[in-house]
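**Student:** The structure under discussion is supplied below as structure tokens; questions concerning it will follow.
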Amino acid sequence: MLIDLLILAVVGGAAWVGFRNGMIQPLLAEVLGLGTLFFLLLAHREGWFAFVQAVLHGNAVLAVFLALVLAVGFGYLGARLGGAIKRMPVVQGADGFFGIFLQTLIGVGFCYVLISGLIAMDKAFTPSTTTVSAVQLQGMEQRLRTNPFTASAVNSVALEPFLAQAGKPAGVRVADLPGIGALEGMYSTFLRSQLAGSHLAPAVMTVGRRLPGLGHTYTSRDLPSRR
């Protein structure tokens with residue numbers, strides 16, 4: 001399954017980064033890079049999107065792209081700063097020893113957040129319906145906003161006209177919803193079967209829910225079963 005290959009690549013890659021670069025350098029790069037993404041696309045997402053639209057006259061795609069560019073820039077800055085600290089003799093021994101273990105846990109944590117996003121989709125889009133009411137649409141938004149990966153697909157401003165339409169007896173087609181429609185189609189046709197068939201996802205959810213700062217919203221029991 002592709003999700004299992006992704007988990008192996010992320011966790012194995014994280015362990016290799018820790019082995020090669022120690023603890024401090026990659027940690028600072030991750031804190032600044034991922035912290036920038038969290039700040040712009042989750043904690044202050046609506047404000048960031050409004051800023052990009054007002055100043056650059058851009059849409060949500062441009063806002064996400066610029067957030068990624070800033071995250072890469074700050075991550076690079078963190079890597080350079082961490083590299084300078086790493087060369088200090090006082091931290092060299094401990095830095096290399098703890099790097100593998102810390103980066104492996106960070107890799108597991110990243111996979112936990114990613115899989116939690118897929119579970120959020122499962123909760124939002126199950127049972128699968130072609131049309132939703134206003135209440136169902138609001139519940140779908142709330143589910144998707146619980147995860148930084150799925151939250152980036154939800155744009156309240158773009159969904160406003162559809163919310164009014166969803167209040168009518170006929171409701172609104174999920175496929176017509178900006179961002180959410182594409183996400184639902186991708187999940188129902190491909191991602192759900194991959195997640196349900198994963199052999200490593202339960203282990204990731206078991207370990208990840210014990211790591212601090214990840215929200216601990218979902219456990220291995222929330223994974224979808226094969227249909």
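Labeling convention for the structure tokens: chains A, B, ... as they appear, residues from 1 per chain, ligands from 1 in order of appearance.
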Excluding same-chain residues fewer than 2 positions from A:Met1, what lies within 10 Å of it counting only C-alpha atoms, as a PyMOL selection string?

**Tutor:** chain A and resi 3-6+193-200

**Student:** Output C-alpha atoms of each residue in that selection to a file, as a PDB file, in the first residue's frame.

**Tutor:**
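What landed in part_20.pdb:
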```pdb
ATOM      1  CA  ILE A   3       0.498   4.830   2.680  1.00  0.00           C
ATOM      2  CA  ASP A   4       2.788   2.175   4.166  1.00  0.00           C
ATOM      3  CA  LEU A   5       5.529   3.141   1.699  1.00  0.00           C
ATOM      4  CA  LEU A   6       5.044   6.792   2.653  1.00  0.00           C
ATOM      5  CA  SER A 193      -8.979   2.260   0.372  1.00  0.00           C
ATOM      6  CA  GLN A 194      -5.280   3.011   0.906  1.00  0.00           C
ATOM      7  CA  LEU A 195      -5.852   3.981   4.535  1.00  0.00           C
ATOM      8  CA  ALA A 196      -8.121   1.016   5.265  1.00  0.00           C
ATOM      9  CA  GLY A 197      -5.535  -1.402   3.835  1.00  0.00           C
ATOM     10  CA  SER A 198      -2.515   0.074   5.635  1.00  0.00           C
ATOM     11  CA  HIS A 199      -0.591  -2.249   7.965  1.00  0.00           C
ATOM     12  CA  LEU A 200       1.561   0.488   9.545  1.00  0.00           C
TER      13      LEU A 200
END
```

**Student:** Which of these residues is nearest to A:Ala60, using only C-alpha atoms: A:Arg173, A:Pro178, A:Ile85, A:Pro26?

**Tutor:**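 Of all the options, A:Pro178 lies closest to A:Ala60.
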
**Student:** Show which residues sit within 8 Å of A:Thr36, as a list in words. Count only C-alpha atoms, and ignore same-chain residues fewer than 3 positions away.

**Tutor:**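 The contact residues come out as Leu32, Gly33, Phe39, Leu40, Ala67, Leu70, Ala71 and Phe74 of chain A.
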
**Student:** Let's have the selection written as a PDB file, in the first residue's frame, with C-alpha atoms.

**Tutor:**
```pdb
ATOM      1  CA  LEU A  32      10.972  27.305  12.134  1.00  0.00           C
ATOM      2  CA  GLY A  33       9.723  25.733   8.889  1.00  0.00           C
ATOM      3  CA  PHE A  39       1.093  29.856  12.108  1.00  0.00           C
ATOM      4  CA  LEU A  40      -0.031  30.869   8.607  1.00  0.00           C
ATOM      5  CA  ALA A  67       3.172  30.084   3.000  1.00  0.00           C
ATOM      6  CA  LEU A  70       8.143  31.325   3.676  1.00  0.00           C
ATOM      7  CA  ALA A  71       8.298  27.973   5.483  1.00  0.00           C
ATOM      8  CA  PHE A  74      12.636  29.991   7.649  1.00  0.00           C
TER       9      PHE A  74
END
```

**Student:** Suppose you want the space between atom CA of A:Ile119 and atom CA of A:Gly208; what is it in Å?

**Tutor:**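 About the pair atom CA of A:Ile119 and atom CA of A:Gly208: they are 14.0 Å apart.
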
**Student:** With only C-alpha atoms as the atoms that count, which of A:Val204, A:Ile180, A:Ile106, A:Val135 lies nearest to A:Gly18?

**Tutor:**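 Of all the options, A:Ile106 lies closest to A:Gly18.
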
**Student:** Can you measure atom CA of A:Gln25 to atom CA of A:Ala151 for me? One decimal in Å is fine.

**Tutor:**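 These atoms are spaced 28.9 Å apart.
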
**Student:** To one decimal place in Å, what is the distance between atom CA of A:Lys168 and atom CA of A:Asn147?

**Tutor:**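 Between atom CA of A:Lys168 and atom CA of A:Asn147 the gap works out to 29.0 Å.
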
**Student:** Hey, what does DSSP flag as alpha helix (DSSP H) within stretch 20-211 of chain A? Can you give it to me as JSON, numbers by chain?

**Tutor:** {"A": [20, 21, 24, 25, 26, 27, 28, 29, 30, 31, 32, 33, 34, 35, 36, 37, 38, 45, 46, 47, 48, 49, 50, 51, 52, 53, 54, 55, 56, 60, 61, 62, 63, 64, 65, 66, 67, 68, 69, 70, 71, 72, 73, 74, 75, 76, 77, 78, 79, 80, 81, 82, 83, 84, 85, 86, 89, 90, 91, 92, 93, 94, 95, 96, 97, 98, 99, 100, 101, 102, 103, 104, 105, 106, 107, 108, 109, 110, 111, 112, 113, 114, 115, 116, 117, 118, 119, 120, 121, 122, 123, 124, 125, 134, 135, 136, 137, 138, 139, 140, 141, 142, 143, 144, 148, 149, 150, 151, 156, 157, 158, 159, 160, 161, 162, 163, 164, 165, 166, 180, 181, 182, 183, 184, 185, 186, 192, 193, 194, 195, 196, 201, 202, 203, 204, 205, 206, 207, 208]}

**Student:** When distances are computed from only C-alpha atoms, which of A:Leu56, A:Ala120, A:Ile115, A:Leu28 shows the smallest separation from A:Gly78?

**Tutor:**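 Of the candidates, the smallest distance to A:Gly78 is held by A:Leu28.
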
**Student:** Rank A:Leu2, A:Ala29, A:Leu118, A:Val52 by their smallest atom-to-atom distance to A:Arg192, using only C-alpha atoms, and report the top residue only.

**Tutor:** A:Leu118

**Student:** Do a neighbour search on A:Thr206 at 10 Å with only C-alpha atoms, toss out local chain neighbours closer than 5 positions, and write the hits as a VMD selection string.

**Tutor:** chain A and resid 112 201 211 218 to 221

**Student:** Go ahead and write the selection's residues with N, CA and C atoms as a short mmCIF file (atom, residue, chain, number, x, y, z; two decimals), in the first residue's frame.

**Tutor:**
```cif
data_model
loop_
_atom_site.label_atom_id
_atom_site.label_comp_id
_atom_site.auth_asym_id
_atom_site.auth_seq_id
_atom_site.Cartn_x
_atom_site.Cartn_y
_atom_site.Cartn_z
N TYR A 112 1.56 10.74 12.04
CA TYR A 112 0.35 10.74 12.86
C TYR A 112 -0.57 11.89 12.44
N ALA A 201 -0.33 2.03 9.62
CA ALA A 201 -1.09 3.15 10.19
C ALA A 201 -1.52 2.89 11.63
N LEU A 211 2.68 11.09 21.83
CA LEU A 211 3.65 12.17 21.70
C LEU A 211 2.99 13.50 22.07
N TYR A 218 -7.33 11.50 17.41
CA TYR A 218 -7.74 10.19 16.91
C TYR A 218 -6.80 9.10 17.40
N THR A 219 -7.30 7.88 17.43
CA THR A 219 -6.52 6.70 17.80
C THR A 219 -6.62 5.68 16.66
N SER A 220 -5.99 4.54 16.85
CA SER A 220 -6.06 3.48 15.83
C SER A 220 -7.48 2.97 15.64
N ARG A 221 -8.33 3.14 16.65
CA ARG A 221 -9.72 2.68 16.54
C ARG A 221 -10.54 3.53 15.56
#
```

**Student:** Could you give me, as number ranges by chain, each residue of chain A that DSSP assigns to strand (DSSP E or B) when run on this structure's backbone?

**Tutor:** A: 131-132, 172-173

**Student:** Env of A:Glu184: 8 Å cut, atoms = only C-alpha atoms, seq-sep filter 3 positions within chain, self excluded. Answer as number ranges by chain.

**Tutor:** A: 121, 125, 174-175, 180-181, 187-188

**Student:** If you keep N, CA and C atoms, can you produce a file of those selected residues as a PDB file, in the first residue's frame?

**Tutor:**
```
ATOM      1  N   MET A 121     -11.046  13.392   7.137  1.00  0.00           N
ATOM      2  CA  MET A 121     -11.811  13.285   5.895  1.00  0.00           C
ATOM      3  C   MET A 121     -12.858  12.178   6.005  1.00  0.00           C
ATOM      4  N   PHE A 125     -16.719  12.910   5.466  1.00  0.00           N
ATOM      5  CA  PHE A 125     -17.367  12.460   4.242  1.00  0.00           C
ATOM      6  C   PHE A 125     -18.099  11.131   4.385  1.00  0.00           C
ATOM      7  N   VAL A 174     -21.877  18.214  -2.979  1.00  0.00           N
ATOM      8  CA  VAL A 174     -20.538  18.216  -2.389  1.00  0.00           C
ATOM      9  C   VAL A 174     -19.485  18.470  -3.470  1.00  0.00           C
ATOM     10  N   ALA A 175     -19.696  17.914  -4.634  1.00  0.00           N
ATOM     11  CA  ALA A 175     -18.726  18.068  -5.726  1.00  0.00           C
ATOM     12  C   ALA A 175     -18.571  19.517  -6.161  1.00  0.00           C
ATOM     13  N   ILE A 180     -13.394  21.549  -0.936  1.00  0.00           N
ATOM     14  CA  ILE A 180     -13.948  20.367  -0.269  1.00  0.00           C
ATOM     15  C   ILE A 180     -14.378  19.323  -1.296  1.00  0.00           C
ATOM     16  N   GLY A 181     -14.958  19.762  -2.411  1.00  0.00           N
ATOM     17  CA  GLY A 181     -15.414  18.820  -3.429  1.00  0.00           C
ATOM     18  C   GLY A 181     -14.279  17.980  -3.986  1.00  0.00           C
ATOM     19  N   TYR A 187     -10.565  11.475  -1.739  1.00  0.00           N
ATOM     20  CA  TYR A 187     -10.604  10.546  -0.608  1.00  0.00           C
ATOM     21  C   TYR A 187     -11.465   9.319  -0.920  1.00  0.00           C
ATOM     22  N   SER A 188     -12.661   9.545  -1.457  1.00  0.00           N
ATOM     23  CA  SER A 188     -13.580   8.430  -1.682  1.00  0.00           C
ATOM     24  C   SER A 188     -13.096   7.484  -2.772  1.00  0.00           C
TER      25      SER A 188
END
```

**Student:** Which polymer residues have any atom within 10 Å of an atom of A:Arg20, counting only C-alpha atoms, with same-chain residues fewer than 5 positions away left out, as JSON, numbers by chain?

**Tutor:** {"A": [14, 15, 26, 96, 99, 100]}
